[in-house]
Structure formats: structure tokens, C-alpha cells
$ cat upload.csv   # CSV, C-alpha atoms
chain,number,residue,atom,x,y,z
A,1394,MET,CA,19.5,-34.2,45.4
A,1395,SER,CA,20.3,-31.2,47.5
A,1396,MET,CA,17.0,-29.7,46.6
A,1397,LEU,CA,15.3,-32.8,48.0
A,1398,GLY,CA,17.2,-32.5,51.2
A,1399,GLU,CA,16.3,-28.9,51.6
A,1400,TRP,CA,12.7,-29.7,51.0
A,1401,LEU,CA,12.7,-32.5,53.6
A,1402,LYS,CA,14.4,-30.3,56.1
A,1403,GLU,CA,11.9,-27.6,55.6
A,1404,ILE,CA,9.0,-30.0,56.1
A,1405,ILE,CA,10.5,-31.5,59.3
A,1406,ILE,CA,11.1,-28.1,60.8
A,1407,ILE,CA,7.6,-26.9,60.0
A,1408,VAL,CA,6.1,-30.0,61.5
A,1409,LEU,CA,8.2,-29.5,64.6
A,1410,PHE,CA,7.0,-26.0,64.9
A,1411,ALA,CA,3.5,-27.1,64.5
A,1412,VAL,CA,3.8,-29.5,67.4
A,1413,PHE,CA,5.5,-26.9,69.5
A,1414,ILE,CA,2.7,-24.4,68.9
A,1415,ASP,CA,0.1,-27.0,69.9
A,1416,LEU,CA,1.9,-27.1,73.2
A,1417,LEU,CA,2.1,-23.3,73.5
A,1418,LEU,CA,-1.6,-22.7,72.8
A,1419,PRO,CA,-3.5,-21.5,75.8
A,1420,ASN,CA,-6.8,-23.2,75.4
A,1421,ARG,CA,-8.8,-25.7,73.4
A,1422,ALA,CA,-11.2,-23.1,71.9
A,1423,MET,CA,-8.5,-21.8,69.5
A,1424,GLU,CA,-7.1,-25.2,68.7
A,1425,ARG,CA,-9.1,-26.1,65.7
A,1426,TYR,CA,-8.4,-22.7,64.0
A,1427,VAL,CA,-4.7,-22.8,64.7
A,1428,LYS,CA,-4.5,-26.4,63.5
A,1429,PHE,CA,-6.1,-25.4,60.3
A,1430,VAL,CA,-3.7,-22.6,59.6
A,1431,VAL,CA,-0.7,-24.7,60.6
A,1432,SER,CA,-1.8,-27.5,58.4
A,1433,LEU,CA,-2.2,-25.1,55.5
A,1434,LEU,CA,1.4,-24.0,56.1
A,1435,ILE,CA,2.6,-27.6,56.1
A,1436,LEU,CA,0.6,-28.2,52.9
A,1437,LEU,CA,2.3,-25.2,51.4
A,1438,THR,CA,5.7,-26.5,52.3
A,1439,LEU,CA,4.8,-29.8,50.7
A,1440,LEU,CA,3.7,-28.1,47.6
A,1441,SER,CA,6.6,-25.7,47.2
A,1442,PRO,CA,8.6,-27.8,44.7
A,1443,VAL,CA,5.5,-28.1,42.5
A,1444,MET,CA,4.9,-24.4,42.7
A,1445,ARG,CA,8.5,-23.7,41.8
A,1446,ILE,CA,8.1,-25.9,38.7
A,1447,LEU,CA,4.7,-24.5,37.7
A,1448,SER,CA,5.1,-20.8,38.2
A,1449,GLY,CA,8.8,-20.4,38.3
A,1450,SER,CA,8.5,-18.0,41.3
A,1451,GLU,CA,9.3,-18.7,44.9
A,1452,PRO,CA,6.2,-19.6,46.9
A,1453,GLU,CA,7.3,-17.5,49.9
A,1454,LYS,CA,7.4,-14.4,47.6
A,1455,MET,CA,3.9,-15.2,46.5
A,1456,ILE,CA,2.8,-15.4,50.1
A,1457,ALA,CA,4.5,-12.2,51.0
A,1458,ALA,CA,2.7,-10.5,48.1
A,1459,ALA,CA,-0.6,-12.0,49.2
A,1460,PHE,CA,0.1,-10.9,52.8
A,1461,GLU,CA,0.7,-7.4,51.7
A,1462,GLN,CA,-2.6,-7.4,49.7
A,1463,VAL,CA,-4.5,-8.6,52.7
A,1464,SER,CA,-2.9,-6.3,55.3
A,1465,GLY,CA,-3.4,-3.4,52.9
A,1466,SER,CA,-7.1,-4.1,52.6
A,1467,VAL,CA,-7.9,-5.3,56.1
A,1468,GLY,CA,-5.5,-3.3,58.2
A,1469,GLY,CA,-6.5,-0.1,56.5
A,1470,GLY,CA,-3.2,1.3,55.2
A,1471,SER,CA,0.1,0.1,56.4
A,1472,ALA,CA,2.9,2.1,57.9
A,1473,ALA,CA,4.7,2.5,54.6
A,1474,GLU,CA,1.6,4.1,53.1
A,1475,THR,CA,1.4,6.6,55.9
A,1476,GLU,CA,5.0,7.3,55.4
A,1477,THR,CA,4.6,8.2,51.7
A,1478,ILE,CA,1.6,10.3,52.4
A,1479,LEU,CA,3.5,12.2,55.0
A,1480,LYS,CA,6.4,12.7,52.6
A,1481,GLN,CA,4.1,14.1,50.0
A,1482,GLY,CA,2.6,16.5,52.5
A,1483,GLU,CA,6.0,17.7,53.4
A,1484,LEU,CA,6.9,18.2,49.8
A,1485,LEU,CA,3.7,20.2,49.2
A,1486,ARG,CA,4.4,22.3,52.3
A,1487,LYS,CA,7.8,23.1,51.1
A,1488,LYS,CA,6.6,24.1,47.7
A,1489,GLN,CA,3.9,26.3,49.2
A,1490,GLU,CA,6.4,27.9,51.5
A,1491,ALA,CA,8.7,28.6,48.6
A,1492,GLU,CA,5.9,30.2,46.7
A,1493,ALA,CA,4.9,32.3,49.6
A,1494,LEU,CA,8.5,33.5,50.1
A,1495,GLN,CA,8.8,34.4,46.5
A,1496,LEU,CA,5.5,36.3,46.5
A,1497,ALA,CA,6.5,38.2,49.6
A,1498,GLY,CA,9.9,39.0,48.1
A,1499,ASP,CA,8.3,40.2,44.9
A,1500,GLN,CA,5.9,42.5,46.8
A,1501,ALA,CA,8.7,43.8,48.9
A,1502,ALA,CA,10.8,44.5,45.9
A,1503,ALA,CA,7.9,46.4,44.2
A,1504,GLN,CA,7.5,48.6,47.3
A,1505,MET,CA,11.2,49.1,47.6
A,1506,LYS,CA,11.4,50.2,43.9
A,1507,GLN,CA,8.7,52.8,44.5
A,1508,GLN,CA,10.3,54.1,47.6
A,1509,ILE,CA,13.7,54.4,46.0
A,1510,GLU,CA,12.3,56.1,43.0
A,1511,LEU,CA,10.5,58.6,45.2
A,1512,GLU,CA,13.5,59.1,47.5
A,1513,THR,CA,16.2,59.5,44.9
A,1514,GLY,CA,14.1,60.7,42.0
A,1515,GLN,CA,16.0,58.4,39.7
A,1516,PRO,CA,14.5,55.6,37.7
A,1517,VAL,CA,15.1,52.2,39.0
A,1518,GLU,CA,15.5,49.3,36.6
A,1519,ARG,CA,14.6,46.5,39.0
A,1520,VAL,CA,14.8,45.5,42.6
A,1521,THR,CA,15.5,42.0,43.7
A,1522,VAL,CA,14.8,40.9,47.2
A,1523,ILE,CA,16.0,37.6,48.5
A,1524,LEU,CA,14.2,36.4,51.5
A,1525,ALA,CA,15.3,33.6,53.8
A,1526,ARG,CA,14.4,31.8,56.9
A,1527,GLU,CA,16.5,32.5,59.9
A,1528,ASP,CA,17.6,29.0,61.0
A,1529,LYS,CA,18.4,27.7,57.6
A,1530,ASN,CA,20.4,30.3,55.9
A,1531,ALA,CA,21.8,27.9,53.4
A,1532,GLY,CA,19.8,28.1,50.2
A,1533,ALA,CA,16.6,30.0,50.4
A,1534,LYS,CA,16.7,32.1,47.3
A,1535,GLY,CA,13.4,33.9,47.5
A,1536,GLN,CA,13.3,34.8,43.9
A,1537,SER,CA,14.1,31.8,41.9
A,1538,SER,CA,15.3,28.6,43.4
A,1539,THR,CA,13.8,26.3,45.9
A,1540,GLN,CA,14.3,26.9,49.6
A,1541,GLN,CA,14.1,25.0,52.8
A,1542,ALA,CA,10.9,25.8,54.5
A,1543,ALA,CA,12.0,25.6,58.0
A,1544,GLU,CA,10.3,27.2,60.9
A,1545,GLY,CA,11.9,30.5,61.8
A,1546,THR,CA,11.6,34.2,61.3
A,1547,LEU,CA,11.8,35.6,57.9
A,1548,TYR,CA,14.6,38.0,57.1
A,1549,ILE,CA,15.8,39.9,54.1
A,1550,GLU,CA,19.0,38.2,53.1
A,1551,GLU,CA,19.9,40.4,50.2
A,1552,VAL,CA,18.6,43.4,48.3
A,1553,GLU,CA,19.9,44.2,44.9
A,1554,VAL,CA,19.0,47.5,43.4
A,1555,VAL,CA,19.8,48.0,39.8
A,1556,MET,CA,19.5,51.7,38.7
A,1557,LYS,CA,18.7,52.7,35.2
A,1558,ALA,CA,21.5,54.6,33.6
A,1559,PRO,CA,20.7,58.2,34.4
A,1560,GLU,CA,21.2,60.7,31.6
A,1561,GLN,CA,24.0,62.6,33.3
A,1562,ALA,CA,25.8,59.6,34.5
A,1563,ALA,CA,25.6,57.9,31.1
A,1564,SER,CA,27.6,60.8,29.6
A,1565,GLU,CA,30.4,60.7,32.0
A,1566,SER,CA,30.8,57.3,33.4
A,1567,SER,CA,28.6,54.8,31.7
A,1568,ALA,CA,28.6,52.0,34.2
A,1569,LYS,CA,29.3,52.1,37.8
A,1570,SER,CA,28.6,49.2,40.0
A,1571,ILE,CA,29.0,49.4,43.7
A,1572,LYS,CA,28.8,46.1,45.4
A,1573,VAL,CA,28.3,45.7,49.1
A,1574,GLN,CA,28.6,42.4,50.8
A,1575,LYS,CA,25.4,41.0,52.3
A,1576,VAL,CA,24.8,40.7,56.0
A,1577,ASP,CA,21.8,39.1,57.4
A,1578,VAL,CA,19.4,41.1,59.4
A,1579,SER,CA,16.3,39.6,61.0
A,1580,LEU,CA,12.9,40.9,60.0
A,1581,PRO,CA,10.4,39.4,62.4
A,1582,GLU,CA,7.3,39.4,60.3
A,1583,ILE,CA,7.6,40.4,56.7
A,1584,GLY,CA,3.9,41.0,56.3
A,1585,ARG,CA,3.4,43.3,59.2
A,1586,LYS,CA,6.6,45.1,58.4
A,1587,ASN,CA,5.3,45.8,54.9
A,1588,GLU,CA,2.3,47.6,56.3
A,1589,ASP,CA,4.4,49.6,58.7
A,1590,THR,CA,6.8,50.7,56.1
A,1591,LEU,CA,4.0,51.7,53.8
A,1592,ALA,CA,2.7,54.0,56.4
A,1593,ALA,CA,6.1,55.3,57.3
A,1594,SER,CA,7.4,55.7,53.8
A,1595,GLY,CA,4.6,58.0,52.9
A,1596,VAL,CA,6.0,60.6,55.2
A,1597,SER,CA,9.7,60.2,54.5
A,1598,TYR,CA,9.7,60.3,50.7
A,1599,GLY,CA,10.0,63.9,50.0
A,1600,ASP,CA,12.7,65.3,52.2
A,1601,ALA,CA,15.7,63.4,51.2
A,1602,GLY,CA,14.6,63.0,47.6
A,1603,ASP,CA,15.1,66.6,46.6
A,1604,ALA,CA,18.6,66.7,47.9
A,1605,GLU,CA,19.7,63.6,46.2
A,1606,SER,CA,18.2,64.1,42.8
A,1607,PRO,CA,21.2,65.7,41.1
A,1608,ALA,CA,23.3,62.7,41.4
A,1609,ASN,CA,26.4,62.8,39.2
A,1610,SER,CA,29.4,60.7,38.8
A,1611,VAL,CA,30.4,61.9,42.3
A,1612,GLY,CA,26.8,61.3,43.4
A,1613,ALA,CA,26.9,57.6,42.6
A,1614,ALA,CA,28.3,56.8,45.9
A,1615,LYS,CA,26.0,59.2,47.5
A,1616,LEU,CA,23.1,57.6,45.7
A,1617,THR,CA,24.2,54.3,47.0
A,1618,ASP,CA,24.4,55.7,50.5
A,1619,SER,CA,21.0,57.2,50.3
A,1620,ILE,CA,19.4,54.0,49.0
A,1621,GLN,CA,21.1,52.0,51.7
A,1622,SER,CA,20.0,54.4,54.4
A,1623,LEU,CA,16.5,54.2,53.0
A,1624,MET,CA,16.6,50.5,53.2
A,1625,VAL,CA,17.9,50.6,56.7
A,1626,ARG,CA,15.3,53.0,57.8
A,1627,GLU,CA,12.3,51.5,56.1
A,1628,TRP,CA,13.0,47.8,56.0
A,1629,GLY,CA,15.4,47.1,58.8
A,1630,VAL,CA,17.9,45.7,56.3
A,1631,SER,CA,21.5,46.4,57.2
A,1632,ALA,CA,23.4,48.6,54.8
A,1633,ASP,CA,25.7,45.8,54.0
A,1634,ALA,CA,22.9,43.6,52.7
A,1635,VAL,CA,22.0,46.2,50.0
A,1636,THR,CA,23.7,46.0,46.7
A,1637,VAL,CA,23.3,48.9,44.4
A,1638,ILE,CA,24.3,48.6,40.8
A,1639,ALA,CA,24.2,52.0,39.2
A,1640,GLY,CA,23.9,52.7,35.6
A,1641,VAL,CA,23.4,49.5,33.8
A,1642,GLN,CA,24.3,49.9,30.2
A,1643,GLU,CA,21.0,49.8,28.5
A,1644,GLU,CA,19.3,51.8,25.9
A,1645,SER,CA,16.4,53.2,27.6
B,1019,MET,CA,11.6,-19.9,92.6
B,1020,GLU,CA,9.7,-17.9,90.0
B,1021,MET,CA,7.0,-20.5,89.9
B,1022,ILE,CA,6.6,-20.2,93.7
B,1023,GLN,CA,6.3,-16.5,93.3
B,1024,ILE,CA,3.6,-16.8,90.8
B,1025,VAL,CA,1.7,-19.4,92.8
B,1026,GLY,CA,2.0,-17.3,95.9
B,1027,LEU,CA,0.8,-14.2,94.2
B,1028,GLY,CA,-2.2,-16.2,92.9
B,1029,LEU,CA,-3.0,-17.6,96.4
B,1030,VAL,CA,-2.8,-14.2,98.0
B,1031,ALA,CA,-4.9,-12.6,95.3
B,1032,THR,CA,-7.5,-15.4,95.7
B,1033,VAL,CA,-7.7,-15.0,99.5
B,1034,LEU,CA,-8.0,-11.2,99.1
B,1035,ILE,CA,-10.7,-11.6,96.5
B,1036,LEU,CA,-12.7,-14.0,98.8
B,1037,VAL,CA,-12.5,-11.5,101.6
B,1038,VAL,CA,-13.4,-8.5,99.6
B,1039,LYS,CA,-16.0,-10.1,97.4
B,1040,GLU,CA,-18.8,-10.0,100.0
B,1041,GLN,CA,-18.5,-6.3,100.5
B,1042,LYS,CA,-17.2,-4.9,97.2
B,1043,PRO,CA,-17.5,-7.2,94.2
B,1044,LEU,CA,-16.0,-4.5,92.0
B,1045,PHE,CA,-12.7,-4.4,94.0
B,1046,ALA,CA,-12.6,-8.1,93.9
B,1047,PHE,CA,-12.8,-8.0,90.1
B,1048,LEU,CA,-10.1,-5.3,90.0
B,1049,ILE,CA,-7.7,-7.4,92.1
B,1050,GLY,CA,-8.3,-10.4,89.9
B,1051,ALA,CA,-7.7,-8.5,86.7
B,1052,SER,CA,-4.5,-6.8,87.9
B,1053,THR,CA,-3.2,-10.1,89.2
B,1054,GLY,CA,-3.9,-11.7,85.8
B,1055,ILE,CA,-2.2,-8.8,84.0
B,1056,TYR,CA,0.9,-9.1,86.3
B,1057,ILE,CA,1.2,-12.8,85.7
B,1058,PHE,CA,0.8,-12.2,81.9
B,1059,LEU,CA,3.5,-9.6,81.8
B,1060,PHE,CA,5.7,-11.8,83.8
B,1061,LEU,CA,5.2,-14.6,81.3
B,1062,ILE,CA,5.8,-12.4,78.3
B,1063,GLY,CA,9.5,-12.3,79.0
B,1064,LYS,CA,9.6,-16.1,79.2
B,1065,ILE,CA,7.7,-16.5,76.0
B,1066,GLY,CA,10.0,-14.0,74.4
B,1067,GLY,CA,12.9,-16.3,75.2
B,1068,VAL,CA,11.2,-19.3,73.7
B,1069,ILE,CA,10.3,-17.3,70.6
B,1070,GLU,CA,13.9,-16.1,70.2
B,1071,VAL,CA,15.2,-19.7,70.2
B,1072,LEU,CA,12.5,-20.7,67.7
B,1073,GLU,CA,13.6,-17.8,65.4
B,1074,GLN,CA,17.3,-18.8,65.6
B,1075,LEU,CA,16.3,-22.4,64.9
B,1076,ALA,CA,14.3,-21.3,61.8
B,1077,GLU,CA,17.1,-19.1,60.6
B,1078,SER,CA,19.7,-21.7,60.9
B,1079,SER,CA,17.6,-24.4,59.2
B,1080,GLY,CA,16.6,-22.2,56.3
B,1081,VAL,CA,12.9,-22.1,56.9
B,1082,GLN,CA,11.3,-19.1,55.3
B,1083,MET,CA,10.8,-16.3,57.9
B,1084,ILE,CA,7.3,-15.6,56.6
B,1085,TYR,CA,6.1,-19.0,57.8
B,1086,LEU,CA,7.6,-18.4,61.2
B,1087,LYS,CA,6.1,-15.0,61.4
B,1088,THR,CA,2.6,-16.3,60.5
B,1089,ILE,CA,2.9,-19.0,63.2
B,1090,LEU,CA,4.1,-16.5,65.8
B,1091,LYS,CA,1.3,-14.1,64.9
B,1092,ILE,CA,-1.2,-16.9,65.4
B,1093,ILE,CA,0.2,-17.7,68.9
B,1094,GLY,CA,0.1,-14.0,69.9
B,1095,ILE,CA,-3.5,-13.6,68.8
B,1096,ALA,CA,-4.5,-16.7,70.6
B,1097,TYR,CA,-2.8,-15.7,73.8
B,1098,ILE,CA,-4.1,-12.1,73.8
B,1099,ALA,CA,-7.7,-13.1,72.9
B,1100,GLU,CA,-7.7,-15.8,75.5
B,1101,PHE,CA,-6.4,-13.5,78.2
B,1102,GLY,CA,-8.9,-10.8,77.5
B,1103,ALA,CA,-11.8,-13.2,77.3
B,1104,GLN,CA,-10.9,-14.7,80.6
B,1105,ILE,CA,-10.8,-11.3,82.4
B,1106,VAL,CA,-14.1,-10.4,80.9
B,1107,ARG,CA,-15.5,-13.8,81.9
B,1108,ASP,CA,-14.3,-13.3,85.5
B,1109,ALA,CA,-16.4,-10.2,85.5
B,1110,GLY,CA,-19.4,-12.3,84.5
B,1111,GLN,CA,-19.8,-11.0,81.0
B,1112,GLU,CA,-19.9,-14.3,79.2
B,1113,SER,CA,-21.3,-12.9,76.0
B,1114,ILE,CA,-18.6,-10.3,75.6
B,1115,ALA,CA,-15.9,-13.0,76.3
B,1116,SER,CA,-17.3,-15.1,73.6
B,1117,LYS,CA,-17.2,-12.1,71.2
B,1118,ILE,CA,-13.6,-11.6,72.0
B,1119,GLU,CA,-12.9,-15.2,71.3
B,1120,LEU,CA,-14.7,-14.9,68.0
B,1121,ALA,CA,-12.6,-11.9,67.1
B,1122,GLY,CA,-9.5,-13.9,67.8
B,1123,LYS,CA,-10.7,-16.7,65.6
B,1124,VAL,CA,-11.5,-14.3,62.8
B,1125,MET,CA,-8.0,-12.8,63.1
B,1126,ILE,CA,-6.4,-16.2,62.8
B,1127,MET,CA,-8.5,-16.9,59.7
B,1128,VAL,CA,-7.4,-13.6,58.2
B,1129,LEU,CA,-3.9,-14.7,58.6
B,1130,ALA,CA,-4.7,-17.9,56.7
B,1131,ILE,CA,-6.1,-16.1,53.7
B,1132,PRO,CA,-2.9,-15.4,51.9
B,1133,ILE,CA,-1.8,-19.0,52.4
B,1134,ILE,CA,-5.1,-20.3,51.1
B,1135,SER,CA,-5.0,-18.1,48.1
B,1136,VAL,CA,-1.5,-19.3,47.1
B,1137,ILE,CA,-2.5,-22.9,47.5
B,1138,ILE,CA,-5.6,-22.5,45.5
B,1139,GLU,CA,-3.7,-20.7,42.8
B,1140,THR,CA,-1.3,-23.6,42.6
B,1141,VAL,CA,-4.1,-26.1,42.5
B,1142,ILE,CA,-5.8,-24.3,39.7
B,1143,LYS,CA,-2.6,-24.2,37.7
B,1144,LEU,CA,-2.2,-27.9,38.3
B,1145,LEU,CA,-5.6,-28.7,36.8
B,1146,PRO,CA,-5.7,-29.2,33.0
B,1147,THR,CA,-7.7,-26.6,31.3

$ encode --input "upload.csv" --output "C-alpha cells"
Amino acid sequence: MSMLGEWLKEIIIIVLFAVFIDLLLPNRAMERYVKFVVSLLILLTLLSPVMRILSGSEPEKMIAAAFEQVSGSVGGGSAAETETILKQGELLRKKQEAEALQLAGDQAAAQMKQQIELETGQPVERVTVILAREDKNAGAKGQSSTQQAAEGTLYIEEVEVVMKAPEQAASESSAKSIKVQKVDVSLPEIGRKNEDTLAASGVSYGDAGDAESPANSVGAAKLTDSIQSLMVREWGVSADAVTVIAGVQEES
Amino acid sequence: MEMIQIVGLGLVATVLILVVKEQKPLFAFLIGASTGIYIFLFLIGKIGGVIEVLEQLAESSGVQMIYLKTILKIIGIAYIAEFGAQIVRDAGQESIASKIELAGKVMIMVLAIPIISVIIETVIKLLPT
């Protein structure tokens, strides 16, 4: 019984609306069309119990779905669609940015490795460079994880140098790791800087390298110092951002 | 009071147009169009009040909002098409005015398509196969 009451109420309200709209309409030219649509709505309201019995679904849901279909095909893409496309673009951009940062970090690390080897004359196991964007210093691991690709200047967040265990050092003190805390230093444009340092490093390799080559157990700290000063000189990284791990225990 | 304002604005605009029309028909048209737009914008607030009341009524009586939305869209299309057509007609471009009206009619019919499709689906289901 309550369903019947609902149905009647709906019909009455819709008919009232229809009359009101007839009054609101500006001119006669549109009247026939508007009347057609409004009568369709009234028909739909009348049919709604039948539809409920037949299909089991609510008629208004069906209409909503139909509307979406029409607006999608006629309106040429709704706002929601644009939203999703924009989101996808943003994701792609972030991914690209992350890849670019990683690539830049790898290249910088390769160059640093060469420079350190030339400078100190000691074999370097690996160099890890972590790049980051300036304004979002949370996250942004250039080497492995994803990072926020925000606009801002690149800077080298952390440099980790792992030395191969040198022959002399291996005999006396097998493993020595000196850790220095990281400090952020801005590096305006990593690409240009690379070229600059390439040019500059060619000159500066030899001089300090000879002096530092006989690095002993005492020389480990010295080695760290020299690597740090090299980093500061060539890459503009502060000494604190450089971590040198000397003599990794490894059979090499 | 507002009614007097609107009528007064219309009268002033009419007199101005009559004066200007002999010398510069273009300015006469501009005055007419801007007066029309002003009155239209003035009325939008009033219509907004009416529509708000209608929405509240529909919400309290449990009518589906999608019906009301369709009806309101129809009214909006009718008003805007009518307004544009009249301005263009004032400028003497009867054919463009009728095209605008045609566009309005087509838009209203597009709104009817989902309703028609649902009704036809139901009717087809009713028929014994």
C-alpha cells in the first residue's frame, strides 16, 4: 500500500512540475518539444512499477545510465573522462621524471667513480648517487625507489662511495667504514654541471692522486678526506653529503 | 519596484533606439542587445529562486532528482535559445534566429533520448516473445 502511495505522490508531483514548466516557458515555438519530453517523463513515472517488476532495477538508475551514454557520445567526453586522462598524464610524467633522475644519477656515479679512481689511485667498488628535487626533499631516491617529480632544481642528496678493500688495508684493518651524515647542497643543473666537471676534472686528476696513493690504515681518514674534497671541488656536493665506506670485505 | 525598474529601463532603451536608429542603426542594435542582456541577467536571480524552491519541493516529496534535472535543463535550453534568437532577430537576421531555435529544439530532443530508450526497453520487455 505504501508503494502505491509513493507512486501516486510521484505522479502528482511530476504533473505539477509539468504545469509549472508550461508557465515558465518563454515562447510557443518550444512548447511542443517541451511538452513531448515532459509527457515522456510522466509516462516513465507511470511505468515505473512495471519496470521495477520486469527488470528488477530502479528506473531512475537506468535513466542515469542512459544519460551517461548519451552525454558521453554527444558531449564528446565528460569532465570525469578528462580527469582520468589528466591523472594518467601526471603518472606518466612522474615515471619519466623518476627514470630521468635515475639515469642522471647513474651517469654522475660513473663519472665520480672514474674521478675518484684517478684521484686516489685506489680501486672503487661502486659509487651511488642519490639525486633529489629541491622543494620535495622527502623521498626522491634517485637510484631505486620512486620519487616525487616536482618542479625545482636538482641537487645531489647523498653520495656513497664504497672502496674496494685495498691490499695494504686488508692486511691490517680489514674493514673500516667512515660514515658522514648527509647535507643537501643545491646543484642547479645536473646536465650542465656534468660537462663542466668533465672538463675540469681532466686537469685536476693527477696532482693530488700521487700524494694520496699510499693510503694505509692511517690513510683511510685521509682517503675519505681526499674523496670528499674531490666531491666538493668537482660536483659542488658538500663534504657532509659524501659517505665513504672503505675496505668492504670482499674477495677481489 | 523592480518591475518599474525593468519597464523604465525598457522605455528608456526604446526611446534611445528610436533616436539613434536614423543615424546609426548599429548602435541602436547594440543598445537593444545590451538592454536585453541586462534584463536577462536581472531575471536569472529570480528564476534561480524559483528553481531552488522547486528543488526543495522535489527533494521533500521524494521525486527522483534526475527527473527534475531533466526538466530544469529543458527550461534552461528553451530560455537561452529564445533569448539568443530574439537578439539575432532584432538585428534582422531571421534565418540565423531560426537556426538557433532549431538548435534549441534538437538539444531538447537529445535530452529526451535516454527517457525514450528506457521506455522502449520496457515496452519491448512487456511484449511476449

$ interface_residues --input "upload.csv" --of "chain B" --to "chain A" --cutoff "6 Å" --atoms "all atoms listed in the file" --output "NGL selection string"
:B and (1081 or 1130 or 1132)

$ residues_around --input "upload.csv" --residues "stretch 1047-1056 of chain B" --least-positions-apart "2" --cutoff "8 Å" --atoms "all atoms listed in the file" --output "MDAnalysis selection string"
chainID B and resid 1027:1028 1031:1032 1034:1035 1043:1045 1058:1060 1105 1108:1109

$ residues_around --input "upload.csv" --residues "stretch 1117-1127 of chain B" --least-positions-apart "4" --cutoff "6 Å" --atoms "all atoms listed in the file" --output "list in words"
Ile1092, Ala1099 and Ala1103 of chain B

$ atom_distance --input "upload.csv" --atom1 "atom CA of A:Asp1499" --atom2 "atom CA of A:Arg1519"
10.7 Å

$ atom_distance --input "upload.csv" --atom1 "atom CA of B:Ile1093" --atom2 "atom CA of B:Val1068"
12.1 Å

$ residues_around --input "upload.csv" --residues "B:Val1106" --least-positions-apart "6" --cutoff "8 Å" --atoms "all atoms listed in the file" --output "number ranges by chain"
B: 1112, 1114-1115

$ atom_distance --input "upload.csv" --atom1 "atom CA of B:Val1033" --atom2 "atom CA of B:Arg1107"
19.3 Å

$ closest_residue --input "upload.csv" --among "A:Leu1496, A:Met1396, A:Thr1513, A:Ile1523" --to "A:Lys1615" --atoms "all atoms listed in the file"
A:Thr1513

$ closest_residue --input "upload.csv" --among "B:Ile1084, B:Ala1046, B:Gly1094, B:Ser1078" --to "B:Ile1065" --atoms "all atoms listed in the file"
B:Gly1094
